Amino acid sequence: MNPNSFPVPLKQDATIIGLVGLAHASSHFGHLLLPPLFPVFMTEFGLSYSQLGLLMSVFFVVSGIGQASAGFVVDKFGARPMLFAALGLFVLASGLASVVTGYAGLLVVAALAGLANATFHPVDFTILNQRVSAPRLGYAFSAHGLTGNLGWATAPVFFASITSLSGWRTAYLGAAGLFVVVLVLLWLNRDQLSTRAVVHHADTPAEHSMAFMKLPVVWWCFAFFLLSTMTLAVIQSFSVSILKAMHGISFESATFTVTAYMLCGALGMFVGGFVAATSRHSDRVVALSMAAAAVLLALCGAGIFGPTLTMVVLAATGFAVGIGGPSRDMMIKKATPKGATGRVYGLVYSGLDTGFAISPLVFGVFMDRGWYSATLLGAALVLLLSVVAALGVGRRTVARA
């Protein structure tokens, strides 16, 4: 089940990569179940930026705790059951969102969606690492990141379009239907998604399931995800409001800029797949990509560009981040002990959730005080710190080799 050399039919690998990519796109669409409609909720329920930030913090706190735990479950029982359960929870969260009457209901939706999101990274990477041939893993990670960005890019357009035509409650019913379709498609192809549980042989010494947590490299990976994700959370949650406040850009144009950021990120992921497949220094690729993105974001925050150029440069930031995506996943793979894929990816990617949880709280305060430029500059600084973490991962991976 774990072919490590050719010949492996391209169709076999491509099918598995495509199915996992579809699941990943769904999870990223679920990340943005609430943020595209923040302006609507502010009008409908009289909410502040800080309250909206708390919704995303709830989502990612639940997701982070769940993700760190889900890795153990995936290693023990396999990835497929967790995948189907997660999609079912997204259906439930979307349906509930269509009938909420206030802030309390939105908090429940955020918690349910966060629980749904918790399993995807340990599930996805367990399937890819077990089922895709090793020479194609770089491309698999590229496709995985690319489809995730497409999920992010689709959500703002999906919710904005349906809301303008038929109302925001109808948009959430449409989202529930979308998750049902994905669940059915994956169920029909379930044989392609089976994985082995981790087996400990009687003639080998059993290692404690938490032993991997003693490795410093794992925590450097966690730190990288936490820091880099704090910046992404600013883009997703507040860039529309920042563009409107700093440059008078319309809601529609600002929303399109977020979508353009995600599409540029997807293009960067595509290019980055070739880089990841050929480069032996994943950490350096990641560091250079994040450093370039931090500079571009700082230029946007400095306010030296006009409205149009600011939107273009912000979108280009997504391309720079995207190039580093596949190399980031290769970097994590190199740092992962054998037999601990689900647990390591669960813990490391819970750093992503932690960053998403912290960032809206911190930068939501900035936004409430009207510090729009400082919000972007702060996000650029945090992204620059992630460069240090990426290089730290590289140094410690070499030391373990």
# chains A, B, ... in the order shown; residues from 1 in each chain; ligands from 1
>>> residues_around(residues="A:Leu19", least_positions_apart="3", cutoff="10 Å", atoms="only C-alpha atoms", output="number ranges by chain")
A: 14-16, 22-25, 124, 144, 182, 185-186, 189-190, 192-193
>>> residues_around(residues="A:Ala155", least_positions_apart="2", cutoff="9 Å", atoms="only C-alpha atoms", output="ChimeraX atom specification")
/A:28-33,36,150-153,157-160,259
>>> residues_around(residues="A:Ser279", least_positions_apart="6", cutoff="12 Å", atoms="only C-alpha atoms", output="JSON, numbers by chain")
{"A": [138, 272, 273, 285, 286, 324, 326, 327, 328, 330, 331]}
>>> closest_atom_pairs(of="stretch 223-320 of chain A", to="stretch 365-380 of chain A", cutoff="8 Å", atoms="only C-alpha atoms", output="Markdown table")
| residue | atom | partner | partner_atom | distance |
| --- | --- | --- | --- | --- |
| A:Met230 | CA | A:Ala379 | CA | 7.0 |
| A:Thr231 | CA | A:Ala379 | CA | 4.7 |
| A:Val234 | CA | A:Ala379 | CA | 6.8 |
| A:Phe238 | CA | A:Met367 | CA | 8.0 |
| A:Ile242 | CA | A:Tyr372 | CA | 5.7 |
| A:Ala245 | CA | A:Tyr372 | CA | 7.4 |
| A:Met246 | CA | A:Tyr372 | CA | 7.1 |
| A:Ala293 | CA | A:Ala380 | CA | 7.8 |
| A:Ala294 | CA | A:Ala380 | CA | 4.6 |
| A:Val295 | CA | A:Ala380 | CA | 7.0 |
| A:Leu297 | CA | A:Ala380 | CA | 5.6 |
| A:Ala298 | CA | A:Leu377 | CA | 5.1 |
| A:Cys300 | CA | A:Leu376 | CA | 7.2 |
| A:Gly301 | CA | A:Ser373 | CA | 4.8 |
| A:Ala302 | CA | A:Ser373 | CA | 6.4 |
| A:Gly303 | CA | A:Ser373 | CA | 7.1 |
>>> write_last_selection(atoms="C-alpha atoms", output="JSON list (two decimals), in the first residue's frame")
[["chain", "number", "residue", "atom", "x", "y", "z"],
["A", 230, "MET", "CA", -1.15, 34.45, 12.15],
["A", 231, "THR", "CA", -0.42, 36.45, 9.01],
["A", 234, "VAL", "CA", -5.18, 38.75, 9.08],
["A", 238, "PHE", "CA", -9.56, 41.73, 8.06],
["A", 242, "ILE", "CA", -8.52, 47.27, 5.77],
["A", 245, "ALA", "CA", -10.70, 51.85, 5.32],
["A", 246, "MET", "CA", -7.25, 52.70, 3.89],
["A", 293, "ALA", "CA", 5.93, 37.65, 1.17],
["A", 294, "ALA", "CA", 6.69, 39.60, 4.35],
["A", 295, "VAL", "CA", 8.34, 42.38, 2.34],
["A", 297, "LEU", "CA", 2.90, 42.72, 2.85],
["A", 298, "ALA", "CA", 4.91, 45.42, 4.63],
["A", 300, "CYS", "CA", 1.01, 47.25, 1.48],
["A", 301, "GLY", "CA", 0.90, 48.22, 5.15],
["A", 302, "ALA", "CA", 3.12, 51.24, 4.59],
["A", 303, "GLY", "CA", 0.38, 52.75, 2.42]]
>>> closest_residue(among="A:Ile162, A:Gln51, A:Lys11, A:Phe274", to="A:Leu137", atoms="only C-alpha atoms")
A:Phe274
>>> residues_around(residues="A:Ala292", least_positions_apart="2", cutoff="10 Å", atoms="only C-alpha atoms", output="PyMOL selection string")
chain A and resi 287-290+294-297+317+319-321+383-384
>>> residues_around(residues="A:Ser194", least_positions_apart="6", cutoff="10 Å", atoms="only C-alpha atoms", output="compact mmCIF listing (two decimals) with all heavy atoms, in the first residue's frame")
# COMPACT_ATOMS: atom_id res chain seq x y z
N MET A 1 0.82 -1.21 0.00
CA MET A 1 0.00 0.00 0.00
C MET A 1 0.85 1.25 0.00
O MET A 1 0.37 2.36 -0.13
CB MET A 1 -0.93 -0.02 1.21
CG MET A 1 -1.98 1.09 1.21
SD MET A 1 -3.04 1.01 2.65
CE MET A 1 -3.96 -0.48 2.29
N GLY A 78 -6.89 4.34 11.36
CA GLY A 78 -6.91 4.65 9.94
C GLY A 78 -7.58 5.99 9.68
O GLY A 78 -8.30 6.53 10.52
N ALA A 79 -7.36 6.51 8.46
CA ALA A 79 -7.77 7.88 8.15
C ALA A 79 -9.21 7.99 7.66
O ALA A 79 -9.88 9.00 7.90
CB ALA A 79 -6.83 8.45 7.09
N ARG A 80 -9.69 7.00 6.94
CA ARG A 80 -10.96 7.13 6.21
C ARG A 80 -12.17 7.41 7.10
O ARG A 80 -12.97 8.31 6.77
CB ARG A 80 -11.18 5.87 5.37
CG ARG A 80 -12.34 5.95 4.40
CD ARG A 80 -12.33 4.75 3.48
NE ARG A 80 -12.40 3.49 4.22
CZ ARG A 80 -12.31 2.29 3.66
NH1 ARG A 80 -12.12 2.18 2.36
NH2 ARG A 80 -12.39 1.20 4.40
N PRO A 81 -12.37 6.69 8.22
CA PRO A 81 -13.56 6.99 9.04
C PRO A 81 -13.58 8.42 9.57
O PRO A 81 -14.65 9.05 9.64
CB PRO A 81 -13.44 5.99 10.20
CG PRO A 81 -12.55 4.89 9.69
CD PRO A 81 -11.60 5.56 8.76
N THR A 126 -1.66 11.32 6.06
CA THR A 126 -1.54 9.87 6.25
C THR A 126 -1.87 9.14 4.95
O THR A 126 -1.15 8.22 4.53
CB THR A 126 -2.46 9.39 7.38
OG1 THR A 126 -2.03 9.98 8.62
CG2 THR A 126 -2.42 7.87 7.52
N ILE A 127 -2.95 9.54 4.29
CA ILE A 127 -3.32 8.91 3.02
C ILE A 127 -2.25 9.15 1.97
O ILE A 127 -1.81 8.22 1.27
CB ILE A 127 -4.69 9.44 2.53
CG1 ILE A 127 -5.81 9.02 3.49
CG2 ILE A 127 -4.99 8.91 1.13
CD1 ILE A 127 -7.16 9.65 3.19
N GLN A 130 1.01 7.18 2.69
CA GLN A 130 0.88 5.73 2.57
C GLN A 130 0.52 5.28 1.16
O GLN A 130 0.94 4.21 0.72
CB GLN A 130 -0.19 5.20 3.54
CG GLN A 130 0.25 5.19 4.99
CD GLN A 130 -0.66 4.32 5.86
OE1 GLN A 130 -1.34 3.42 5.38
NE2 GLN A 130 -0.67 4.61 7.15
N ARG A 131 -0.25 6.08 0.43
CA ARG A 131 -0.83 5.60 -0.82
C ARG A 131 -0.17 6.14 -2.08
O ARG A 131 -0.37 5.59 -3.17
CB ARG A 131 -2.32 5.94 -0.86
CG ARG A 131 -3.18 5.29 0.23
CD ARG A 131 -3.15 3.78 0.16
NE ARG A 131 -3.58 3.27 -1.14
CZ ARG A 131 -4.81 2.86 -1.43
NH1 ARG A 131 -5.74 2.89 -0.49
NH2 ARG A 131 -5.11 2.42 -2.63
>>> select_by_dssp(residues="stretch 30-278 of chain A", states="helix (DSSP H, G or I)", output="VMD selection string")
chain A and resid 30 to 31 35 to 45 49 to 77 80 to 97 103 to 117 120 to 131 134 to 166 168 to 188 190 to 193 211 to 214 216 to 247 251 to 278
>>> closest_residue(among="A:Phe90, A:Asn117, A:Leu106, A:Ser133", to="A:Ile17", atoms="only C-alpha atoms")
A:Ser133
>>> closest_residue(among="A:Val313, A:Val382, A:Gly105, A:Leu178", to="A:Thr154", atoms="only C-alpha atoms")
A:Leu178
